[in-house]
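**Student:** After the structure tokens below, expect a handful of questions from me.
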Amino acid sequence: MNRVRHIFSLLRHTPTFLTLYRVLLVYVVLMLTRVAFYIYNSDLIGHIGWDEAWSLLCGALKFDTVSMLYVNAIFILFSLLPLPYRERGWWQKSLFWYYIVANTLLIIVTNIGDCIYYHYAQKRFDAEEIFFADNANTPLLMFKFLVENPLLLLWGIALIVLLWFGYMRKVELRRLFVGWWHYAVSTVVLLAAIALAIGGIRGGFTRMTRPITLSNAAIYTTEPAKMTLLLSNPFCIIRTMGTVDKYPTYYEAQTLAEIYSPEHFPAVGSEQEAPLKGRNVVIFIMESFSAEHSALLCPELYEDKPQKGFTPFLDSLMQKGYAFHSMYANGKRSIQALPAVWSSIPSFKSPFANMSQAVAEQRALPQILSEQGYTTHFFCGSDHGSMGFGAYARMAGIENLYSRQSYIERRGSDDFDGYWGIWDEEFIDYMGEVLSSEKQPFFSTIFTLSSHHPFVVPERYAGKLPKGYTPNHQCVAYVDDALRKFFEKYSSEPWFNNTVFVFVADHVSSEKYAAKTKLSPGDYHILSFIYAPDSELHGEHRGVVSQIDIMPTLLGLLGNEKPYFAFGRDIFAEPERAAMSVNYDNSCFQAVTDDYLIRFDEQRIIAIFAREDALCEQNLVGKVDVADVERQLKGLIQSYGERISAKNYLVTEQ
């Protein structure tokens, strides 16, 4: 026993042992950040059963290996290099500080930050989000996040302390061998470490192994939320930097054209088939307006509650218009909504508006209407150029942009909310003021802001709005009331009754109320309807609709007879096109139909749930036939990939 202890005492002073120990310490830290991630987002991720725990653990270790190696490869290399001065103090001190700083910033900070980011975006932080890091309000929001989450901050500090004191900095290095044996053994250890590192980064050692990507999480679980639990940073950031999205090819060109095409050729109709021809168009894209906020769309949630929903005005307006009871967002971030609504182009693996392929000729809804004599406007109360909204508005053909700066020039700076931009009540009224001075016809879109984190309302409404059951409900009630005031004030304007109003959320709220909203498809179910005063357009649509269907449907209602490009469908005039909402949720495609939620990993269907199975408890793979849906889904994915690759968003057939 004493001999064993002596050998162990010698080994623990060797560079090989210490390097291995410090690498294992990083694994421990990564797993502890994952624990924090799960605790903070357990309501979104769901319960983890013992039957799936082992599979999830194996997947987590694989992704953690890549993250650990990305950060510590240099540390491992210089720790094991068989150099004569490897044991010297200055060398060891340099390794210590590299280890602490690199792992603190790239492992602890990014993964603890991911705990908060995922709660709002429902995806891990990756290279795409760096695009937004230059917003002027970013430092203020980051500070508020830290203040609101002191336990996470303390957890992060504790992990840094663990790295610092767990490093075994004071252990003196010793050599097990002398002479050339020392360098020979050290070289063998170094080469073995390099080989293991290459295999770890690639995800395996076989010839068929390719560097793992985010989609490999689907190997270990079919639930998108649990896939995000497996992932870690900096894996997510580095794997998405400089990447070009790739989409598979399933069909020959002729077969694909028969299955699916984004090219539309409207039938030449009559005035009766275009009931809204010549009307102005005003689109309200409402921040975080989940369908569950509405007692009209989700009455079952409020049957036994004193507060009957948080959108009383919109509910009343919906009953006078045409309501979409099953409208689904095409993404979970605001930047994904604009291409979907204006251009009928969804965002799958990357937000379309952020892709270099988006910089190409297109004829979006604003451009088409501009060619018909409409003036075009986009209102957003945040800073000019914020989040890339204005840039995409220009690409879509919008001429006039109105921002926080535009508002301040006309009305002063008193109405800044302190975080995102101008309060919605004042900014919506500002839009009404501008439109009342415009010639008709006009096209206008306003993107609201106030129902977004940090979920605050003007002080004058303290105690006057229902608090609700989530942090966002009061803000939703505030925006709903702001819209009521807008309609009351401008309903007497000459342009009002000659306008079609479209209401659609950008995505669901980060703050979920109902259990079904925390899972797909509920976490894509949004509020949306069309209201056209003095028209016959009223009723309800119970079938599946998505944001990309808005542009084709509006063009049909407005009497457009020219061919156009759109991935969506005119719900009134194109019954031959499949009623299906498709999104890309954490490395997996999802298709929502009137009957099912289908998850597809680009090669096979991995899950099927009946629409009435809101909590996704019974996987029906192999029990129901969804071959037609799979065929349509593959056609859409391939067509999307080909058009993105070719930067072709125009009708090519004549």
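Letters A, B, ... mark the chains of the structure tokens in the order given; residue numbers begin at 1 per chain; ligand numbers begin at 1, in order shown.
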Counting only C-alpha atoms, what is within 7 Å of stretch 72-89 of chain A, bar same-chain residues fewer than 2 positions away, as a CSV table (one decimal) with N, CA and C atoms, in the first residue's frame?
**Tutor:**
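Final output, saved to part23.csv:
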chain,number,residue,atom,x,y,z
A,15,PRO,N,3.6,16.5,-15.4
A,15,PRO,CA,2.8,17.3,-16.3
A,15,PRO,C,1.6,16.5,-16.8
A,16,THR,N,1.8,15.2,-17.1
A,16,THR,CA,0.7,14.5,-17.7
A,16,THR,C,-0.5,14.4,-16.7
A,19,THR,N,-2.1,17.9,-16.1
A,19,THR,CA,-2.9,18.3,-17.3
A,19,THR,C,-4.2,17.6,-17.4
A,68,MET,N,-14.4,22.0,-24.5
A,68,MET,CA,-13.2,22.0,-23.7
A,68,MET,C,-12.0,22.1,-24.5
A,69,LEU,N,-11.9,21.4,-25.6
A,69,LEU,CA,-10.7,21.4,-26.5
A,69,LEU,C,-10.6,22.7,-27.3
A,70,TYR,N,-11.7,23.3,-27.7
A,70,TYR,CA,-11.6,24.6,-28.4
A,70,TYR,C,-10.9,25.6,-27.5
A,91,TRP,N,7.0,29.8,-16.9
A,91,TRP,CA,6.2,29.0,-17.9
A,91,TRP,C,4.9,28.5,-17.2
A,92,GLN,N,5.0,28.0,-16.0
A,92,GLN,CA,3.8,27.5,-15.3
A,92,GLN,C,2.8,28.7,-14.9
A,93,LYS,N,3.4,29.8,-14.6
A,93,LYS,CA,2.5,31.0,-14.3
A,93,LYS,C,1.7,31.4,-15.5
A,95,LEU,N,0.9,29.5,-18.0
A,95,LEU,CA,-0.2,28.5,-18.3
A,95,LEU,C,-1.4,28.7,-17.3
A,99,TYR,N,-5.2,29.5,-18.5
A,99,TYR,CA,-6.3,28.5,-18.1
A,99,TYR,C,-7.4,29.3,-17.4
A,173,LEU,N,6.4,20.5,-10.1
A,173,LEU,CA,6.6,19.5,-11.2
A,173,LEU,C,7.9,18.7,-11.0
A,183,TYR,N,12.4,12.7,-22.5
A,183,TYR,CA,11.9,13.3,-23.7
A,183,TYR,C,11.1,12.3,-24.6
A,186,SER,N,7.7,11.8,-22.9
A,186,SER,CA,6.9,13.0,-23.0
A,186,SER,C,6.4,13.2,-24.5
A,187,THR,N,7.2,12.9,-25.4
A,187,THR,CA,6.8,13.0,-26.8
A,187,THR,C,5.7,12.0,-27.2
A,190,LEU,N,2.6,13.4,-25.7
A,190,LEU,CA,2.1,14.6,-26.5
A,190,LEU,C,1.4,14.1,-27.7
**Student:** Let's see if you can do this: from backbone DSSP, list all strand (DSSP E) residues in stretch 251-452 of chain A, as JSON, numbers by chain.
**Tutor:** {"A": [263, 264, 280, 281, 282, 283, 284, 285, 286, 322, 323, 324, 325, 326, 327, 328, 375, 376, 377, 378, 379, 380, 400, 401, 402, 442, 443, 444, 445, 446, 447]}
**Student:** Counting only C-alpha atoms, which of A:Ile598, A:Ile107, A:Met551, A:Ala102 gets nearest to A:Cys236?
**Tutor:**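 Going through A:Ile598, A:Ile107, A:Met551, A:Ala102 one by one, the smallest distance to A:Cys236 is for A:Ile107.
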**Student:** Got a sec: who's within 7 Å of A:Gly568, counting only C-alpha atoms, leaving out chain neighbours fewer than 6 positions off, as a PyMOL selection string?
**Tutor:** chain A and resi 344+548-549+552
**Student:** Can you spit out the residues from that selection as a short mmCIF file (atom, residue, chain, number, x, y, z; two decimals), in the first residue's frame, using C-alpha atoms?
**Tutor:**
data_model
loop_
_atom_site.label_atom_id
_atom_site.label_comp_id
_atom_site.auth_asym_id
_atom_site.auth_seq_id
_atom_site.Cartn_x
_atom_site.Cartn_y
_atom_site.Cartn_z
CA SER A 344 -42.93 35.18 -47.42
CA ILE A 548 -45.30 33.35 -44.57
CA ASP A 549 -48.96 33.02 -45.63
CA PRO A 552 -49.78 35.77 -50.54
#
**Student:** Find the spatial neighbours of stretch 253-261 of chain A, counting only C-alpha atoms, within a cut-off of 8 Å - ignore same-chain residues fewer than 2 positions away - and output them as a list of chain:residue names.
**Tutor:**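 With the cut-off at 8 Å, the set is A:Tyr251, A:Glu263, A:His264, A:Phe567, A:Arg631, A:Gln632, A:Gly635, A:Leu636, A:Ser639.
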**Student:** So which residues touch A:Val476 within 9 Å, counting only C-alpha atoms, skipping near sequence neighbours fewer than 2 positions away, as a list in words?
**Tutor:**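 Close residues of A:Val476: Glu287, Ser288, Phe289, His293, Phe310, Thr311, Ser450, Ser451, Asn472, His473, Gln474, Tyr478, Val479, Asp480 and Asp481 of chain A.
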**Student:** What's around A:Val26 at 8 Å? Count only C-alpha atoms, leave out sequence neighbours fewer than 4 positions away in its own chain, and write the answer as a ChimeraX atom specification.
**Tutor:** /A:22,30,68,103,163
